[in-house]
Amino acid sequence: MKKHTIFVDVSLLKSNPYFRMVFIARLFSLLALGMLTVAVPLQVHSLTGSNFHVGIILALDGAGMLVGLLLGGVLADRYERRQLILTGRIACALGFSALAINCYFASPSLLALYLLSLWSGFFGAIGITALMAAIPLLVGRENLAKAGALSMLTVRIGTVVSPLIGGMIIAMADISWNYTAAAIGTFFTLIPLRRLPKMQAPKVAGESPLASFVGGLTFIYGNSLVCGVAAIGLLDAVSKGVRVLFPALAIGQFGGGAFELGLLFSAVPLGASLFAFTSGRMSELKRPGLTMILSSMLAFATLGLLSIASQLWAALLILGLYGYLGAISALLQYTLIQGHTPTPLLGRSNSLWTAQNVAGDSLGALVVGSLNKLLSPASCALLLGTVATLGALTVCWCSKPLRRLRQTARENTQAGGEPGNTSAREAARPQLDPTAAEPDAKSM
């Protein structure tokens with residue numbers, strides 16, 4: 001008899017060799033990317049002495065990612081997904097190697113840094129879009145909550161640990177070693193990823209890439225349930241613009257400095273990490289749609305409480321709770337998008353959802369930053385939390401299928417016709433290339 005626990009379920013790592021390969025590759029990829037988040041802005045600032053140029057390079061990385069996401073969704077639904085994953089990783093590793101080589105010139109090229117930021121953002125997005133489309137095929141739709149929780153946990157830990165490692169490498173050696181380590185780590189991800197089976201996308205007859213893209217838009221915003229999930233995701237992304245207020249809160253309201261600012265930035269991922277550790281029963285939820293909406297509403301309402309936080313410890317507790325509740329919603333969004341998208345549309349659905357969230361995050365930061373010129377940080381937090389809560393309430397009212405969604409332990413969570421088997425390989429078999437080598441579970 002299965003033993004239930006509140007802690008994150010790691011059974012997929014033991015039972016599913018494909019997911020184990022993805023997990024290992026993702027862990028090394030996150031470590032590499034985290035090191036670059038320290039190295040690239042630091043090098044640009046040391047070359048130019050300007051925060052404006054730092055902003056440009058971050059914007060270029062984001063622009064490359066946005067284009068890569070939109071194009072990657074179409075590609076993932078037209079071409080073999082394993083090859084797209086490998087191509088994206090190889091291109092990123094070559095880009096990181098070029099960053100290291102650029103350091104050895106007497107005058108490192110700023111233009112090269114700009115171009116390589118675009119390069120890595122674009123190809124990174126191509127690879128991750130194909131990987132997201134492949135996950136339901138590799139683990140089975142009934143295991144999406146487990147896979148999502150484990151992925152969330154690695155992301156949260158990686159975002160905390162990898163910048164620390166990057167900073168240590170720079171302090172002990174120099175930036176070139178940071179780029180070299182990131183390149184080696186990214187090349188290493190090719191070893192487990194090559195052991196994935198081939199995943200040929202369904203054949204598309206006579207449909208242009210533009211028509212394919214429009215078809216993805218029509219699905220994600222025409223399906224009431226999926227559109228409701230996407231709307232909640234957009235509100236979540238916009239609410240993250242609250243981070244713009246952190247410097248003013250840390251320095252102005254709490255009379256602190258860099259240390260207090262760091263604590264504010266750490267509180268949200270810490271709360272999310274706590275949820276990831278205790279997400280063992282998420283797959284047992286009977287009303288996932290309603291739970292997702294309510295957790296987001298509570299998260300947004302919690303943000304509004306920042307307006308009455310007069311002490312730093314209170315703000316940290318509020319932000320930690322916001323991170324915890326937001327992580328519940330994020331995991332359910334991932335599970336519902338993946339579980340209710342037909343297999344031929346998985347690439348486009350994932351890419352549009354992710355691109356929307358990336359754009360929403362930037363929009364939220366821009367809006368909150370603009371409001372902060374007119375209102376106090378406390379008033380901005382209250383307004384942001386109130387508007388987002390009302391938005392989530394509107395989604396709850398308008399999306400009846402999402403609000404009333406029920407599922408049982410034996411539910412067949414097919415959106416694309418896949419049987420709800422308990423075996424991940426059986427669930428994936430119709431889409432996998434039977435000639436691909438299957439990893440030997442005993443050897444891993």
# chains A, B, ... in the order shown; residues from 1 in each chain; ligands from 1
$ closest_atom_pairs --of "region 345-368 of chain A" --to "region 74-77 of chain A" --cutoff "12 Å" --atoms "only C-alpha atoms" --output "Markdown table"
| residue | atom | partner | partner_atom | distance |
| --- | --- | --- | --- | --- |
| A:Leu345 | CA | A:Asp77 | CA | 6.3 |
| A:Leu346 | CA | A:Asp77 | CA | 7.0 |
| A:Gly347 | CA | A:Ala76 | CA | 4.9 |
| A:Arg348 | CA | A:Val74 | CA | 5.6 |
| A:Ser349 | CA | A:Val74 | CA | 9.4 |
| A:Asn350 | CA | A:Ala76 | CA | 9.9 |
| A:Ser351 | CA | A:Val74 | CA | 8.4 |
| A:Leu352 | CA | A:Val74 | CA | 9.9 |
$ residues_around --residues "region 249-262 of chain A" --least-positions-apart "5" --cutoff "9 Å" --atoms "only C-alpha atoms" --output "ChimeraX atom specification"
/A:267,310-312,377-378
$ write_last_selection --atoms "C-alpha atoms" --output "short mmCIF file (atom, residue, chain, number, x, y, z; two decimals), in the first residue's frame"
data_model
loop_
_atom_site.label_atom_id
_atom_site.label_comp_id
_atom_site.auth_asym_id
_atom_site.auth_seq_id
_atom_site.Cartn_x
_atom_site.Cartn_y
_atom_site.Cartn_z
CA ALA A 267 12.23 35.70 1.06
CA SER A 310 6.34 48.41 9.66
CA GLN A 311 9.15 46.00 10.57
CA LEU A 312 11.55 44.05 8.37
CA PRO A 377 5.95 51.82 -1.84
CA ALA A 378 3.25 50.81 0.66
#
$ residues_around --residues "Thr389 (chain A)" --least-positions-apart "3" --cutoff "10 Å" --atoms "only C-alpha atoms" --output "list in words"
Leu235, Ser239, Ile293, Leu294, Ser296, Met297, Leu298, Ala299, Phe300, Ala301, Thr302, Leu303, Gly304, Leu383, Leu384, Gly385, Thr386, Ala392, Leu393, Thr394 and Val395 of chain A
$ write_last_selection --atoms "N, CA, C and O atoms" --output "PDB file, in the first residue's frame"
ATOM      1  N   LEU A 235      -1.372  37.126 -14.353  1.00  0.00           N
ATOM      2  CA  LEU A 235      -1.503  37.905 -13.113  1.00  0.00           C
ATOM      3  C   LEU A 235      -0.354  37.596 -12.153  1.00  0.00           C
ATOM      4  O   LEU A 235       0.193  38.494 -11.499  1.00  0.00           O
ATOM      5  N   SER A 239       2.409  40.334 -10.870  1.00  0.00           N
ATOM      6  CA  SER A 239       2.550  40.601  -9.427  1.00  0.00           C
ATOM      7  C   SER A 239       4.010  40.536  -8.975  1.00  0.00           C
ATOM      8  O   SER A 239       4.379  41.151  -7.964  1.00  0.00           O
ATOM      9  N   ILE A 293      -6.718  28.888  -8.416  1.00  0.00           N
ATOM     10  CA  ILE A 293      -7.254  30.252  -8.362  1.00  0.00           C
ATOM     11  C   ILE A 293      -7.202  30.802  -6.939  1.00  0.00           C
ATOM     12  O   ILE A 293      -6.765  31.934  -6.707  1.00  0.00           O
ATOM     13  N   LEU A 294      -7.625  29.998  -5.971  1.00  0.00           N
ATOM     14  CA  LEU A 294      -7.650  30.463  -4.586  1.00  0.00           C
ATOM     15  C   LEU A 294      -6.254  30.737  -4.049  1.00  0.00           C
ATOM     16  O   LEU A 294      -6.032  31.710  -3.321  1.00  0.00           O
ATOM     17  N   SER A 296      -3.667  31.705  -5.772  1.00  0.00           N
ATOM     18  CA  SER A 296      -3.220  32.965  -6.365  1.00  0.00           C
ATOM     19  C   SER A 296      -3.899  34.154  -5.699  1.00  0.00           C
ATOM     20  O   SER A 296      -3.253  35.174  -5.408  1.00  0.00           O
ATOM     21  N   MET A 297      -5.195  34.050  -5.450  1.00  0.00           N
ATOM     22  CA  MET A 297      -5.908  35.137  -4.789  1.00  0.00           C
ATOM     23  C   MET A 297      -5.315  35.425  -3.413  1.00  0.00           C
ATOM     24  O   MET A 297      -5.119  36.582  -3.026  1.00  0.00           O
ATOM     25  N   LEU A 298      -5.022  34.369  -2.663  1.00  0.00           N
ATOM     26  CA  LEU A 298      -4.428  34.546  -1.337  1.00  0.00           C
ATOM     27  C   LEU A 298      -3.024  35.144  -1.447  1.00  0.00           C
ATOM     28  O   LEU A 298      -2.621  35.969  -0.617  1.00  0.00           O
ATOM     29  N   ALA A 299      -2.268  34.715  -2.481  1.00  0.00           N
ATOM     30  CA  ALA A 299      -0.921  35.272  -2.681  1.00  0.00           C
ATOM     31  C   ALA A 299      -0.998  36.773  -2.961  1.00  0.00           C
ATOM     32  O   ALA A 299      -0.242  37.568  -2.401  1.00  0.00           O
ATOM     33  N   PHE A 300      -1.937  37.174  -3.836  1.00  0.00           N
ATOM     34  CA  PHE A 300      -2.072  38.592  -4.169  1.00  0.00           C
ATOM     35  C   PHE A 300      -2.539  39.403  -2.954  1.00  0.00           C
ATOM     36  O   PHE A 300      -2.055  40.518  -2.719  1.00  0.00           O
ATOM     37  N   ALA A 301      -3.491  38.846  -2.209  1.00  0.00           N
ATOM     38  CA  ALA A 301      -3.963  39.531  -1.008  1.00  0.00           C
ATOM     39  C   ALA A 301      -2.829  39.690   0.001  1.00  0.00           C
ATOM     40  O   ALA A 301      -2.730  40.711   0.695  1.00  0.00           O
ATOM     41  N   THR A 302      -1.961  38.678   0.067  1.00  0.00           N
ATOM     42  CA  THR A 302      -0.810  38.745   0.973  1.00  0.00           C
ATOM     43  C   THR A 302       0.118  39.892   0.599  1.00  0.00           C
ATOM     44  O   THR A 302       0.655  40.583   1.470  1.00  0.00           O
ATOM     45  N   LEU A 303       0.292  40.106  -0.723  1.00  0.00           N
ATOM     46  CA  LEU A 303       1.129  41.232  -1.171  1.00  0.00           C
ATOM     47  C   LEU A 303       0.616  42.553  -0.624  1.00  0.00           C
ATOM     48  O   LEU A 303       1.389  43.439  -0.254  1.00  0.00           O
ATOM     49  N   GLY A 304      -0.708  42.692  -0.596  1.00  0.00           N
ATOM     50  CA  GLY A 304      -1.292  43.928  -0.089  1.00  0.00           C
ATOM     51  C   GLY A 304      -0.929  44.207   1.354  1.00  0.00           C
ATOM     52  O   GLY A 304      -0.899  45.366   1.796  1.00  0.00           O
ATOM     53  N   LEU A 383      -2.094  48.595  -3.932  1.00  0.00           N
ATOM     54  CA  LEU A 383      -2.795  48.680  -5.215  1.00  0.00           C
ATOM     55  C   LEU A 383      -2.531  47.444  -6.064  1.00  0.00           C
ATOM     56  O   LEU A 383      -3.465  46.876  -6.662  1.00  0.00           O
ATOM     57  N   LEU A 384      -1.261  47.004  -6.121  1.00  0.00           N
ATOM     58  CA  LEU A 384      -0.915  45.826  -6.902  1.00  0.00           C
ATOM     59  C   LEU A 384      -1.646  44.592  -6.386  1.00  0.00           C
ATOM     60  O   LEU A 384      -2.228  43.827  -7.168  1.00  0.00           O
ATOM     61  N   GLY A 385      -1.630  44.382  -5.073  1.00  0.00           N
ATOM     62  CA  GLY A 385      -2.304  43.222  -4.496  1.00  0.00           C
ATOM     63  C   GLY A 385      -3.800  43.249  -4.717  1.00  0.00           C
ATOM     64  O   GLY A 385      -4.419  42.219  -5.030  1.00  0.00           O
ATOM     65  N   THR A 386      -4.404  44.436  -4.599  1.00  0.00           N
ATOM     66  CA  THR A 386      -5.858  44.560  -4.764  1.00  0.00           C
ATOM     67  C   THR A 386      -6.289  44.285  -6.193  1.00  0.00           C
ATOM     68  O   THR A 386      -7.230  43.524  -6.452  1.00  0.00           O
ATOM     69  N   ALA A 392      -7.975  37.861 -10.355  1.00  0.00           N
ATOM     70  CA  ALA A 392      -8.129  36.424 -10.132  1.00  0.00           C
ATOM     71  C   ALA A 392      -9.587  36.070  -9.842  1.00  0.00           C
ATOM     72  O   ALA A 392     -10.095  35.025 -10.278  1.00  0.00           O
ATOM     73  N   LEU A 393     -10.289  36.943  -9.125  1.00  0.00           N
ATOM     74  CA  LEU A 393     -11.711  36.722  -8.852  1.00  0.00           C
ATOM     75  C   LEU A 393     -12.516  36.753 -10.147  1.00  0.00           C
ATOM     76  O   LEU A 393     -13.455  35.958 -10.333  1.00  0.00           O
ATOM     77  N   THR A 394     -12.133  37.637 -11.051  1.00  0.00           N
ATOM     78  CA  THR A 394     -12.805  37.710 -12.353  1.00  0.00           C
ATOM     79  C   THR A 394     -12.586  36.435 -13.162  1.00  0.00           C
ATOM     80  O   THR A 394     -13.518  35.910 -13.796  1.00  0.00           O
ATOM     81  N   VAL A 395     -11.348  35.920 -13.150  1.00  0.00           N
ATOM     82  CA  VAL A 395     -11.056  34.665 -13.845  1.00  0.00           C
ATOM     83  C   VAL A 395     -11.884  33.530 -13.251  1.00  0.00           C
ATOM     84  O   VAL A 395     -12.444  32.695 -13.979  1.00  0.00           O
TER      85      VAL A 395
END
$ residues_around --residues "Ser279 (chain A)" --least-positions-apart "6" --cutoff "9 Å" --atoms "only C-alpha atoms" --output "PyMOL selection string"
chain A and resi 5-9+145-146+149+328
$ write_last_selection --atoms "all heavy atoms" --output "PDB file, in the first residue's frame"
ATOM      1  N   THR A   5       2.918  11.042   2.018  1.00  0.00           N
ATOM      2  CA  THR A   5       3.747  11.963   2.776  1.00  0.00           C
ATOM      3  C   THR A   5       3.577  13.351   2.207  1.00  0.00           C
ATOM      4  O   THR A   5       3.251  13.531   1.024  1.00  0.00           O
ATOM      5  CB  THR A   5       5.231  11.546   2.711  1.00  0.00           C
ATOM      6  OG1 THR A   5       6.015  12.541   3.374  1.00  0.00           O
ATOM      7  CG2 THR A   5       5.699  11.384   1.282  1.00  0.00           C
ATOM      8  N   ILE A   6       3.790  14.357   3.055  1.00  0.00           N
ATOM      9  CA  ILE A   6       3.680  15.734   2.576  1.00  0.00           C
ATOM     10  C   ILE A   6       4.940  16.168   1.838  1.00  0.00           C
ATOM     11  O   ILE A   6       4.927  17.178   1.134  1.00  0.00           O
ATOM     12  CB  ILE A   6       3.406  16.709   3.738  1.00  0.00           C
ATOM     13  CG1 ILE A   6       4.611  16.756   4.695  1.00  0.00           C
ATOM     14  CG2 ILE A   6       2.127  16.365   4.460  1.00  0.00           C
ATOM     15  CD1 ILE A   6       4.533  17.880   5.700  1.00  0.00           C
ATOM     16  N   PHE A   7       6.026  15.425   1.990  1.00  0.00           N
ATOM     17  CA  PHE A   7       7.285  15.828   1.380  1.00  0.00           C
ATOM     18  C   PHE A   7       7.313  15.477  -0.105  1.00  0.00           C
ATOM     19  O   PHE A   7       6.585  14.589  -0.565  1.00  0.00           O
ATOM     20  CB  PHE A   7       8.464  15.190   2.108  1.00  0.00           C
ATOM     21  CG  PHE A   7       8.570  15.626   3.537  1.00  0.00           C
ATOM     22  CD1 PHE A   7       8.256  14.768   4.575  1.00  0.00           C
ATOM     23  CD2 PHE A   7       8.951  16.927   3.844  1.00  0.00           C
ATOM     24  CE1 PHE A   7       8.326  15.177   5.889  1.00  0.00           C
ATOM     25  CE2 PHE A   7       9.029  17.352   5.152  1.00  0.00           C
ATOM     26  CZ  PHE A   7       8.714  16.482   6.187  1.00  0.00           C
ATOM     27  N   VAL A   8       8.157  16.196  -0.847  1.00  0.00           N
ATOM     28  CA  VAL A   8       8.215  16.029  -2.288  1.00  0.00           C
ATOM     29  C   VAL A   8       8.436  14.571  -2.662  1.00  0.00           C
ATOM     30  O   VAL A   8       9.268  13.869  -2.061  1.00  0.00           O
ATOM     31  CB  VAL A   8       9.320  16.930  -2.886  1.00  0.00           C
ATOM     32  CG1 VAL A   8      10.695  16.559  -2.375  1.00  0.00           C
ATOM     33  CG2 VAL A   8       9.278  16.913  -4.398  1.00  0.00           C
ATOM     34  N   ASP A   9       7.674  14.119  -3.642  1.00  0.00           N
ATOM     35  CA  ASP A   9       7.727  12.727  -4.083  1.00  0.00           C
ATOM     36  C   ASP A   9       8.872  12.555  -5.087  1.00  0.00           C
ATOM     37  O   ASP A   9       8.872  13.163  -6.159  1.00  0.00           O
ATOM     38  CB  ASP A   9       6.387  12.367  -4.741  1.00  0.00           C
ATOM     39  CG  ASP A   9       6.253  10.890  -5.050  1.00  0.00           C
ATOM     40  OD1 ASP A   9       7.286  10.193  -5.115  1.00  0.00           O
ATOM     41  OD2 ASP A   9       5.114  10.422  -5.231  1.00  0.00           O
ATOM     42  N   ALA A 145       2.361  16.313 -11.886  1.00  0.00           N
ATOM     43  CA  ALA A 145       2.514  17.048 -10.627  1.00  0.00           C
ATOM     44  C   ALA A 145       3.830  16.677  -9.938  1.00  0.00           C
ATOM     45  O   ALA A 145       4.538  17.545  -9.417  1.00  0.00           O
ATOM     46  CB  ALA A 145       1.331  16.766  -9.704  1.00  0.00           C
ATOM     47  N   LYS A 146       4.180  15.392  -9.957  1.00  0.00           N
ATOM     48  CA  LYS A 146       5.441  14.953  -9.355  1.00  0.00           C
ATOM     49  C   LYS A 146       6.631  15.556 -10.102  1.00  0.00           C
ATOM     50  O   LYS A 146       7.582  16.053  -9.486  1.00  0.00           O
ATOM     51  CB  LYS A 146       5.542  13.422  -9.386  1.00  0.00           C
ATOM     52  CG  LYS A 146       4.484  12.686  -8.595  1.00  0.00           C
ATOM     53  CD  LYS A 146       4.660  11.184  -8.775  1.00  0.00           C
ATOM     54  CE  LYS A 146       3.539  10.409  -8.111  1.00  0.00           C
ATOM     55  NZ  LYS A 146       3.685   8.947  -8.329  1.00  0.00           N
ATOM     56  N   ALA A 149       6.889  19.353  -9.411  1.00  0.00           N
ATOM     57  CA  ALA A 149       7.387  19.681  -8.070  1.00  0.00           C
ATOM     58  C   ALA A 149       8.897  19.492  -7.987  1.00  0.00           C
ATOM     59  O   ALA A 149       9.607  20.318  -7.410  1.00  0.00           O
ATOM     60  CB  ALA A 149       6.678  18.817  -7.033  1.00  0.00           C
ATOM     61  N   ILE A 328       2.347  27.213  -5.133  1.00  0.00           N
ATOM     62  CA  ILE A 328       1.219  26.284  -5.277  1.00  0.00           C
ATOM     63  C   ILE A 328       0.530  26.541  -6.610  1.00  0.00           C
ATOM     64  O   ILE A 328       0.270  25.625  -7.401  1.00  0.00           O
ATOM     65  CB  ILE A 328       0.213  26.451  -4.122  1.00  0.00           C
ATOM     66  CG1 ILE A 328       0.854  26.068  -2.794  1.00  0.00           C
ATOM     67  CG2 ILE A 328      -1.032  25.592  -4.375  1.00  0.00           C
ATOM     68  CD1 ILE A 328      -0.041  26.327  -1.592  1.00  0.00           C
TER      69      ILE A 328
END
$ closest_residue --among "A:Pro344, A:Pro163, A:Gly121, A:Gly320" --to "Phe219 (chain A)" --atoms "only C-alpha atoms"
A:Pro344
$ residues_around --residues "Ile232 (chain A)" --least-positions-apart "4" --cutoff "12 Å" --atoms "only C-alpha atoms" --output "compact mmCIF listing (two decimals) with N, CA, C and O atoms, in the first residue's frame"
# COMPACT_ATOMS: atom_id res chain seq x y z
N LEU A 225 -10.77 26.56 -20.34
CA LEU A 225 -9.99 26.09 -19.20
C LEU A 225 -8.54 26.54 -19.31
O LEU A 225 -7.98 27.11 -18.36
N VAL A 226 -7.92 26.30 -20.47
CA VAL A 226 -6.52 26.67 -20.65
C VAL A 226 -6.34 28.19 -20.62
O VAL A 226 -5.37 28.71 -20.06
N CYS A 227 -7.30 28.92 -21.19
CA CYS A 227 -7.23 30.38 -21.17
C CYS A 227 -7.29 30.89 -19.73
O CYS A 227 -6.59 31.86 -19.37
N GLY A 228 -8.12 30.26 -18.89
CA GLY A 228 -8.19 30.65 -17.49
C GLY A 228 -6.87 30.44 -16.78
O GLY A 228 -6.43 31.29 -15.98
N ASP A 236 0.00 36.31 -12.05
CA ASP A 236 1.15 35.92 -11.20
C ASP A 236 2.42 36.62 -11.66
O ASP A 236 3.21 37.12 -10.85
N ALA A 237 2.64 36.62 -12.98
CA ALA A 237 3.86 37.22 -13.53
C ALA A 237 3.90 38.73 -13.26
O ALA A 237 4.93 39.28 -12.85
N VAL A 238 2.77 39.40 -13.48
CA VAL A 238 2.71 40.85 -13.24
C VAL A 238 2.95 41.17 -11.77
O VAL A 238 3.63 42.15 -11.43
N SER A 239 2.41 40.33 -10.87
CA SER A 239 2.55 40.60 -9.43
C SER A 239 4.01 40.54 -8.98
O SER A 239 4.38 41.15 -7.96
N GLY A 289 -8.23 23.15 -10.32
CA GLY A 289 -8.48 24.47 -10.89
C GLY A 289 -8.85 25.49 -9.84
O GLY A 289 -8.30 26.60 -9.80
N LEU A 290 -9.79 25.13 -8.98
CA LEU A 290 -10.22 26.04 -7.93
C LEU A 290 -9.10 26.30 -6.93
O LEU A 290 -8.91 27.44 -6.47
N THR A 291 -8.32 25.26 -6.62
CA THR A 291 -7.18 25.43 -5.71
C THR A 291 -6.16 26.40 -6.28
O THR A 291 -5.60 27.24 -5.58
N MET A 292 -5.91 26.30 -7.59
CA MET A 292 -4.97 27.20 -8.25
C MET A 292 -5.44 28.65 -8.13
O MET A 292 -4.66 29.56 -7.78
N ILE A 293 -6.72 28.89 -8.42
CA ILE A 293 -7.25 30.25 -8.36
C ILE A 293 -7.20 30.80 -6.94
O ILE A 293 -6.76 31.93 -6.71
N LEU A 294 -7.63 30.00 -5.97
CA LEU A 294 -7.65 30.46 -4.59
C LEU A 294 -6.25 30.74 -4.05
O LEU A 294 -6.03 31.71 -3.32
N SER A 295 -5.28 29.88 -4.41
CA SER A 295 -3.91 30.11 -3.93
C SER A 295 -3.35 31.40 -4.51
O SER A 295 -2.64 32.15 -3.83
N SER A 296 -3.67 31.70 -5.77
CA SER A 296 -3.22 32.96 -6.36
C SER A 296 -3.90 34.15 -5.70
O SER A 296 -3.25 35.17 -5.41
N MET A 297 -5.19 34.05 -5.45
CA MET A 297 -5.91 35.14 -4.79
C MET A 297 -5.31 35.43 -3.41
O MET A 297 -5.12 36.58 -3.03
N ALA A 299 -2.27 34.72 -2.48
CA ALA A 299 -0.92 35.27 -2.68
C ALA A 299 -1.00 36.77 -2.96
O ALA A 299 -0.24 37.57 -2.40
N PHE A 300 -1.94 37.17 -3.84
CA PHE A 300 -2.07 38.59 -4.17
C PHE A 300 -2.54 39.40 -2.95
O PHE A 300 -2.05 40.52 -2.72
N GLY A 326 2.26 31.42 -4.08
CA GLY A 326 2.48 31.55 -5.52
C GLY A 326 3.04 30.28 -6.13
O GLY A 326 2.73 29.94 -7.28
N SER A 329 0.22 27.81 -6.86
CA SER A 329 -0.44 28.18 -8.12
C SER A 329 0.42 27.84 -9.33
O SER A 329 -0.07 27.31 -10.33
N ALA A 330 1.73 28.12 -9.25
CA ALA A 330 2.63 27.88 -10.38
C ALA A 330 2.68 26.39 -10.74
O ALA A 330 2.67 26.02 -11.92
N LEU A 332 0.38 24.11 -10.15
CA LEU A 332 -0.91 23.70 -10.72
C LEU A 332 -1.10 24.26 -12.13
O LEU A 332 -1.69 23.60 -12.99
N GLN A 333 -0.58 25.45 -12.38
CA GLN A 333 -0.63 25.99 -13.75
C GLN A 333 0.12 25.07 -14.70
O GLN A 333 -0.37 24.72 -15.78
N TYR A 334 1.34 24.69 -14.30
CA TYR A 334 2.15 23.79 -15.12
C TYR A 334 1.42 22.46 -15.37
O TYR A 334 1.34 21.98 -16.51
N LEU A 336 -1.82 21.75 -15.20
CA LEU A 336 -3.04 21.87 -15.98
C LEU A 336 -2.75 22.20 -17.44
O LEU A 336 -3.41 21.66 -18.35
N ILE A 337 -1.77 23.08 -17.69
CA ILE A 337 -1.41 23.38 -19.08
C ILE A 337 -0.91 22.13 -19.78
O ILE A 337 -1.32 21.79 -20.90
N TRP A 353 2.60 30.15 -23.28
CA TRP A 353 2.38 30.34 -21.85
C TRP A 353 3.63 30.92 -21.18
O TRP A 353 3.57 31.89 -20.42
N GLN A 356 4.33 34.52 -22.45
CA GLN A 356 3.39 35.44 -21.80
C GLN A 356 3.86 35.79 -20.39
O GLN A 356 3.82 36.95 -19.96
N ASN A 357 4.35 34.78 -19.67
CA ASN A 357 4.82 35.02 -18.30
C ASN A 357 6.09 35.86 -18.27
O ASN A 357 6.26 36.71 -17.39
N GLY A 360 4.90 39.29 -19.05
CA GLY A 360 4.14 39.80 -17.91
C GLY A 360 5.04 40.23 -16.77
O GLY A 360 4.77 41.23 -16.08
N ALA A 388 -4.66 42.66 -8.58
CA ALA A 388 -4.41 41.27 -8.95
C ALA A 388 -5.44 40.33 -8.32
O ALA A 388 -5.90 39.37 -8.96
N THR A 389 -5.84 40.60 -7.07
CA THR A 389 -6.86 39.78 -6.42
C THR A 389 -8.19 39.87 -7.16
O THR A 389 -8.86 38.87 -7.40
N LEU A 390 -8.57 41.09 -7.54
CA LEU A 390 -9.81 41.28 -8.30
C LEU A 390 -9.72 40.60 -9.66
O LEU A 390 -10.71 40.04 -10.15
N GLY A 391 -8.53 40.64 -10.27
CA GLY A 391 -8.35 39.95 -11.55
C GLY A 391 -8.55 38.45 -11.42
O GLY A 391 -9.20 37.82 -12.26
N ALA A 392 -7.98 37.86 -10.35
CA ALA A 392 -8.13 36.42 -10.13
C ALA A 392 -9.59 36.07 -9.84
O ALA A 392 -10.09 35.03 -10.28
N LEU A 393 -10.29 36.94 -9.12
CA LEU A 393 -11.71 36.72 -8.85
C LEU A 393 -12.52 36.75 -10.15
O LEU A 393 -13.46 35.96 -10.33
N THR A 394 -12.13 37.64 -11.05
CA THR A 394 -12.80 37.71 -12.35
C THR A 394 -12.59 36.43 -13.16
O THR A 394 -13.52 35.91 -13.80
N VAL A 395 -11.35 35.92 -13.15
CA VAL A 395 -11.06 34.66 -13.84
C VAL A 395 -11.88 33.53 -13.25
O VAL A 395 -12.44 32.70 -13.98
N CYS A 396 -11.98 33.49 -11.94
CA CYS A 396 -12.77 32.46 -11.27
C CYS A 396 -14.23 32.51 -11.71
O CYS A 396 -14.86 31.48 -11.95
N CYS A 398 -15.42 33.90 -14.58
CA CYS A 398 -15.60 33.72 -16.03
C CYS A 398 -15.27 32.32 -16.53
O CYS A 398 -15.85 31.86 -17.52
N SER A 399 -14.31 31.65 -15.89
CA SER A 399 -13.86 30.34 -16.38
C SER A 399 -14.57 29.22 -15.61
O SER A 399 -14.01 28.64 -14.68
N LEU A 402 -12.75 25.74 -15.54
CA LEU A 402 -11.61 25.71 -14.63
C LEU A 402 -12.08 25.66 -13.18
O LEU A 402 -11.55 24.91 -12.37
$ closest_residue --among "A:Val244, A:Ile169, A:Ile24, A:Met132" --to "Arg195 (chain A)" --atoms "only C-alpha atoms"
A:Ile24
$ select_by_dssp --residues "region 120-317 of chain A" --states "helix (DSSP H, G or I)" --output "JSON, numbers by chain"
{"A": [120, 121, 122, 123, 124, 125, 126, 127, 128, 129, 130, 131, 132, 133, 134, 135, 136, 137, 138, 139, 141, 142, 143, 144, 145, 146, 147, 148, 149, 150, 151, 152, 153, 154, 155, 156, 157, 158, 159, 160, 161, 162, 163, 164, 165, 166, 167, 168, 169, 170, 171, 172, 175, 176, 177, 178, 179, 180, 181, 182, 183, 184, 185, 186, 187, 188, 190, 191, 192, 193, 209, 210, 211, 212, 213, 214, 215, 216, 217, 218, 219, 220, 221, 222, 224, 225, 226, 227, 228, 229, 230, 231, 232, 233, 234, 235, 236, 237, 238, 239, 240, 241, 242, 243, 244, 245, 246, 247, 248, 249, 250, 251, 252, 253, 258, 259, 260, 261, 262, 263, 264, 265, 266, 267, 268, 269, 270, 271, 272, 273, 274, 275, 276, 277, 282, 283, 284, 288, 289, 290, 291, 292, 293, 294, 295, 296, 297, 298, 299, 300, 301, 302, 303, 304, 305, 306, 307, 308, 312, 313, 314, 315, 316, 317]}
$ residues_around --residues "Leu317 (chain A)" --least-positions-apart "3" --cutoff "12 Å" --atoms "only C-alpha atoms" --output "list in words"
Leu263, Leu264, Ser266, Ala267, Val268, Leu270, Gly271, Thr302, Leu303, Leu305, Leu306, Ala309, Gln311, Leu312, Trp313, Ala314, Gly320, Leu321, Tyr322, Gly323 and Tyr324 of chain A
$ closest_atom_pairs --of "region 144-226 of chain A" --to "region 84-91 of chain A" --cutoff "9 Å" --atoms "only C-alpha atoms" --output "tab-separated table"
residue	atom	partner	partner_atom	distance
A:Thr186	CA	A:Arg89	CA	6.7
A:Phe187	CA	A:Ile90	CA	6.8
A:Thr189	CA	A:Arg89	CA	7.6
A:Leu190	CA	A:Leu86	CA	6.6
A:Leu193	CA	A:Leu86	CA	7.0
A:Arg194	CA	A:Leu86	CA	7.4
$ closest_residue --among "A:Pro41, A:Gly216, A:Gly339, A:Gly158" --to "Arg26 (chain A)" --atoms "only C-alpha atoms"
A:Gly158
